[in-house]
file final.csv (CSV, C-alpha atoms)
chain,number,residue,atom,x,y,z
A,1,MET,CA,18.4,-5.9,10.1
A,2,PHE,CA,17.6,-6.4,6.5
A,3,ASN,CA,19.9,-7.6,3.8
A,4,ILE,CA,20.3,-6.9,0.1
A,5,GLY,CA,17.6,-8.7,-1.9
A,6,ASP,CA,15.0,-8.5,1.0
A,7,LYS,CA,11.5,-7.4,0.0
A,8,VAL,CA,10.3,-4.7,2.4
A,9,VAL,CA,7.5,-2.2,2.8
A,10,TYR,CA,8.0,1.5,3.6
A,11,PRO,CA,4.7,2.8,5.0
A,12,ASN,CA,3.2,5.6,2.9
A,13,HIS,CA,5.6,4.8,0.0
A,14,GLY,CA,5.0,1.1,-0.8
A,15,ALA,CA,7.0,-2.1,-1.2
A,16,GLY,CA,10.4,-2.5,-2.8
A,17,THR,CA,13.6,-4.5,-2.7
A,18,ILE,CA,16.7,-3.6,-0.9
A,19,VAL,CA,19.4,-3.2,-3.6
A,20,GLY,CA,22.2,-1.9,-1.4
A,21,ILE,CA,23.4,-0.8,1.9
A,22,GLU,CA,25.6,2.3,1.8
A,23,THR,CA,27.3,4.6,4.3
A,24,LYS,CA,26.8,8.3,3.6
A,25,ASN,CA,28.4,11.2,5.3
A,26,ILE,CA,25.7,13.8,6.0
A,27,LEU,CA,26.5,16.9,8.0
A,28,GLY,CA,29.8,15.4,9.1
A,29,LYS,CA,28.2,12.2,10.4
A,30,ASP,CA,28.4,8.8,8.9
A,31,ASN,CA,25.1,7.0,8.6
A,32,LYS,CA,24.1,3.7,7.1
A,33,TYR,CA,21.2,3.6,4.6
A,34,TYR,CA,19.2,0.9,2.9
A,35,ILE,CA,18.9,1.7,-0.7
A,36,MET,CA,15.4,0.5,-1.7
A,37,LYS,CA,14.1,0.2,-5.2
A,38,LEU,CA,10.4,0.5,-5.6
A,39,PRO,CA,8.9,-1.5,-8.6
A,40,ILE,CA,6.3,1.1,-9.3
A,41,GLY,CA,7.7,4.3,-10.7
A,42,GLU,CA,11.3,3.0,-10.7
A,43,MET,CA,12.0,5.2,-7.6
A,44,LYS,CA,14.9,4.6,-5.3
A,45,VAL,CA,14.6,5.5,-1.6
A,46,MET,CA,17.3,5.8,1.0
A,47,VAL,CA,16.1,4.6,4.4
A,48,PRO,CA,18.3,5.3,7.5
A,49,VAL,CA,19.2,1.9,9.1
A,50,ASP,CA,19.0,3.4,12.6
A,51,LYS,CA,15.4,4.7,11.9
A,52,VAL,CA,13.9,1.5,10.5
A,53,GLU,CA,11.7,0.8,13.6
A,54,GLU,CA,10.6,4.4,13.9
A,55,ILE,CA,9.7,4.5,10.2
A,56,GLY,CA,7.9,1.1,10.4
A,57,LEU,CA,9.9,-0.6,7.6
A,58,ARG,CA,8.8,-4.3,7.5
A,59,SER,CA,9.1,-7.4,5.4
A,60,VAL,CA,6.6,-7.9,2.6
A,61,ILE,CA,3.7,-10.2,3.5
A,62,SER,CA,3.7,-13.9,2.5
A,63,PRO,CA,1.7,-15.2,-0.5
A,64,GLU,CA,-0.8,-16.7,1.9
A,65,GLU,CA,-1.3,-13.3,3.6
A,66,ALA,CA,-1.6,-11.8,0.2
A,67,ASP,CA,-4.5,-14.2,-0.5
A,68,GLU,CA,-6.2,-12.9,2.7
A,69,VAL,CA,-5.7,-9.3,1.6
A,70,LEU,CA,-7.3,-10.2,-1.8
A,71,SER,CA,-10.3,-11.8,-0.1
A,72,LEU,CA,-10.7,-8.7,2.0
A,73,LEU,CA,-11.1,-6.7,-1.2
A,74,ALA,CA,-14.1,-8.8,-2.2
A,75,ASP,CA,-15.8,-8.1,1.2
A,76,ASP,CA,-18.5,-5.5,1.7
A,77,LYS,CA,-17.3,-2.0,2.4
A,78,SER,CA,-16.9,-1.0,6.0
A,79,LYS,CA,-19.1,1.7,7.5
A,80,MET,CA,-17.6,5.2,6.7
A,81,SER,CA,-18.5,8.6,7.8
A,82,HIS,CA,-20.7,10.6,5.4
A,83,ASN,CA,-18.6,13.7,6.3
A,84,TRP,CA,-15.7,13.6,3.8
A,85,ASN,CA,-13.3,15.3,6.2
A,86,LYS,CA,-13.8,12.7,9.0
A,87,ARG,CA,-13.6,10.0,6.4
A,88,PHE,CA,-10.4,11.4,4.9
A,89,ARG,CA,-8.8,11.6,8.4
A,90,ALA,CA,-9.8,8.0,9.3
A,91,ASN,CA,-8.5,6.7,6.0
A,92,MET,CA,-5.2,8.6,6.4
A,93,GLU,CA,-4.7,7.0,9.8
A,94,LYS,CA,-5.2,3.6,8.3
A,95,ILE,CA,-2.7,4.2,5.6
A,96,LYS,CA,-0.1,5.6,8.1
A,97,THR,CA,-0.2,2.3,10.0
A,98,GLY,CA,1.6,0.6,7.1
A,99,ASP,CA,-0.7,-2.4,7.7
A,100,VAL,CA,-1.5,-3.9,4.3
A,101,PHE,CA,-5.0,-5.0,5.5
A,102,GLU,CA,-5.8,-1.4,6.5
A,103,VAL,CA,-4.5,-0.1,3.2
A,104,ALA,CA,-6.6,-2.7,1.3
A,105,GLU,CA,-9.7,-1.6,3.2
A,106,VAL,CA,-9.1,2.0,2.2
A,107,VAL,CA,-8.7,1.0,-1.4
A,108,ARG,CA,-11.8,-1.1,-1.4
A,109,ASN,CA,-14.0,1.4,0.4
A,110,LEU,CA,-12.9,4.4,-1.7
A,111,THR,CA,-13.2,2.5,-4.9
A,112,ILE,CA,-16.7,1.5,-4.1
A,113,ARG,CA,-17.6,5.0,-3.0
A,114,ASP,CA,-16.1,6.4,-6.2
A,115,ASN,CA,-18.3,4.1,-8.3
A,116,GLU,CA,-21.4,5.0,-6.2
A,117,LYS,CA,-21.1,8.7,-5.6
A,118,GLY,CA,-17.7,9.9,-6.8
A,119,LEU,CA,-14.8,11.2,-4.6
A,120,SER,CA,-13.4,14.6,-3.8
A,121,THR,CA,-10.1,15.6,-5.3
A,122,GLY,CA,-8.3,14.8,-2.1
A,123,GLU,CA,-9.9,11.4,-1.8
A,124,LYS,CA,-9.1,10.6,-5.4
A,125,LYS,CA,-5.5,11.3,-4.7
A,126,MET,CA,-5.7,9.2,-1.5
A,127,LEU,CA,-7.2,6.3,-3.5
A,128,ASN,CA,-4.4,6.5,-6.1
A,129,ASN,CA,-1.7,6.6,-3.4
A,130,SER,CA,-3.1,3.8,-1.3
A,131,ARG,CA,-3.8,1.7,-4.4
A,132,GLN,CA,-0.1,2.2,-5.5
A,133,ILE,CA,1.0,1.1,-2.0
A,134,LEU,CA,-1.2,-2.0,-2.1
A,135,VAL,CA,-0.3,-2.9,-5.7
A,136,SER,CA,3.5,-2.6,-5.0
A,137,GLU,CA,3.2,-5.1,-2.0
A,138,LEU,CA,1.0,-7.6,-3.8
A,139,VAL,CA,3.3,-7.5,-6.9
A,140,LEU,CA,6.2,-8.6,-4.7
A,141,ALA,CA,4.2,-11.0,-2.4
A,142,LYS,CA,2.5,-12.8,-5.3
A,143,ASP,CA,5.3,-12.5,-7.8
A,144,MET,CA,2.9,-11.1,-10.4
A,145,ASP,CA,3.3,-8.1,-12.6
A,146,ARG,CA,1.6,-4.7,-12.0
A,147,GLU,CA,-1.1,-5.1,-14.6
A,148,GLU,CA,-2.1,-8.5,-13.3
A,149,VAL,CA,-2.4,-7.3,-9.8
A,150,GLU,CA,-4.4,-4.1,-10.8
A,151,GLU,CA,-6.8,-6.2,-12.8
A,152,LEU,CA,-7.2,-8.7,-10.0
A,153,ILE,CA,-8.0,-5.9,-7.5
A,154,ASP,CA,-10.5,-4.3,-9.9
A,155,ASN,CA,-12.2,-7.6,-10.6
A,156,LEU,CA,-12.5,-8.4,-6.9
A,157,ILE,CA,-13.9,-5.0,-5.9
A,158,MET,CA,-16.2,-4.9,-9.0
A,159,GLN,CA,-17.5,-8.4,-8.3
A,160,ASN,CA,-18.6,-7.1,-4.9
A,161,THR,CA,-20.3,-4.0,-6.2
A,162,ASN,CA,-22.0,-6.0,-9.0
A,163,LEU,CA,-23.5,-8.4,-6.3
A,164,GLU,CA,-24.9,-5.4,-4.5
A,165,GLU,CA,-26.6,-4.1,-7.6
A,166,LYS,CA,-28.3,-7.5,-8.2
A,167,GLU,CA,-29.8,-7.6,-4.7

call {"tool": "encode", "arguments": {"input": "final.csv", "output": "structure tokens"}}
result
Amino acid sequence: MFNIGDKVVYPNHGAGTIVGIETKNILGKDNKYYIMKLPIGEMKVMVPVDKVEEIGLRSVISPEEADEVLSLLADDKSKMSHNWNKRFRANMEKIKTGDVFEVAEVVRNLTIRDNEKGLSTGEKKMLNNSRQILVSELVLAKDMDREEVEELIDNLIMQNTNLEEKE
């Protein structure tokens, strides 16, 4: 059970803070909902309390884990299929896990591929969505603002691609 003020991650949507717990009557049945405010886009999401496990709602990572995620961004890209359809499905599966390390890997790999060869429209959208999910969690885990986190991500990934160019 989460409480008001807890920082949580909603897979496929990103991280936010629980700002309330409300009971709503929907179709004649009372259900409890966490009211979650996402820092990016100022969106509010209602998460059914009884579906938390099914949805995969989890606490935001610690600052130490955030450092591990950031170091992953500076690693070499993982092997990806040359077939965009297979690559798209594999990346979608990683994002759906809600695991920030998997999401970071998708962001790193697609950013590097975009710089090298470009991305399809679908992959560009996937990169933007996964990047937003990653940024939202790092903003809360590291207590930094969005612009700082985005710049940090870009610098780490570009540092990696610049090293490859020099070799």

call {"tool": "closest_residue", "arguments": {"input": "final.csv", "among": "A:Lys32, A:Arg131, A:Lys86, A:Lys117", "to": "A:Glu102", "atoms": "only C-alpha atoms"}}
result
A:Arg131

call {"tool": "residues_around", "arguments": {"input": "final.csv", "residues": "stretch 35-48 of chain A", "least_positions_apart": "6", "cutoff": "6 Å", "atoms": "all atoms listed in the file", "output": "list in words"}}
result
Gly16, Thr17, Ile18, Val19, Gly20 and Ile21 of chain A

call {"tool": "closest_residue", "arguments": {"input": "final.csv", "among": "A:Lys96, A:Lys77, A:Arg113, A:Lys29", "to": "A:Ile133", "atoms": "all atoms listed in the file"}}
result
A:Lys96

call {"tool": "closest_atom_pairs", "arguments": {"input": "final.csv", "of": "stretch 12-79 of chain A", "to": "stretch 107-111 of chain A", "cutoff": "9 Å", "atoms": "all atoms listed in the file", "output": "JSON lines"}}
result
{"residue": "A:Leu72", "atom": "CA", "partner": "A:Arg108", "partner_atom": "CA", "distance": 8.4}
{"residue": "A:Leu73", "atom": "CA", "partner": "A:Arg108", "partner_atom": "CA", "distance": 5.6}
{"residue": "A:Ala74", "atom": "CA", "partner": "A:Arg108", "partner_atom": "CA", "distance": 8.1}
{"residue": "A:Asp75", "atom": "CA", "partner": "A:Arg108", "partner_atom": "CA", "distance": 8.5}
{"residue": "A:Asp76", "atom": "CA", "partner": "A:Asn109", "partner_atom": "CA", "distance": 8.3}
{"residue": "A:Lys77", "atom": "CA", "partner": "A:Asn109", "partner_atom": "CA", "distance": 5.1}
{"residue": "A:Ser78", "atom": "CA", "partner": "A:Asn109", "partner_atom": "CA", "distance": 6.7}
{"residue": "A:Lys79", "atom": "CA", "partner": "A:Asn109", "partner_atom": "CA", "distance": 8.7}

call {"tool": "closest_residue", "arguments": {"input": "final.csv", "among": "A:Ser71, A:Ser81, A:Asn3, A:Thr121", "to": "A:Val49", "atoms": "only C-alpha atoms"}}
result
A:Asn3

call {"tool": "closest_residue", "arguments": {"input": "final.csv", "among": "A:Asp50, A:Glu123, A:Glu116, A:Asp99", "to": "A:Ala15", "atoms": "all atoms listed in the file"}}
result
A:Asp99

call {"tool": "atom_distance", "arguments": {"input": "final.csv", "atom1": "atom CA of A:Asn128", "atom2": "atom CA of A:Tyr34"}}
result
25.9 Å

call {"tool": "closest_residue", "arguments": {"input": "final.csv", "among": "A:Lys24, A:Lys51, A:Arg58, A:Lys94", "to": "A:Asp6", "atoms": "all atoms listed in the file"}}
result
A:Arg58

call {"tool": "closest_residue", "arguments": {"input": "final.csv", "among": "A:Ala141, A:Ile157, A:Ala90, A:Val149", "to": "A:Met126", "atoms": "all atoms listed in the file"}}
result
A:Ala90

call {"tool": "atom_distance", "arguments": {"input": "final.csv", "atom1": "atom CA of A:Gly122", "atom2": "atom CA of A:Asn85"}}
result
9.7 Å

call {"tool": "atom_distance", "arguments": {"input": "final.csv", "atom1": "atom CA of A:Val9", "atom2": "atom CA of A:Asn31"}}
result
20.7 Å
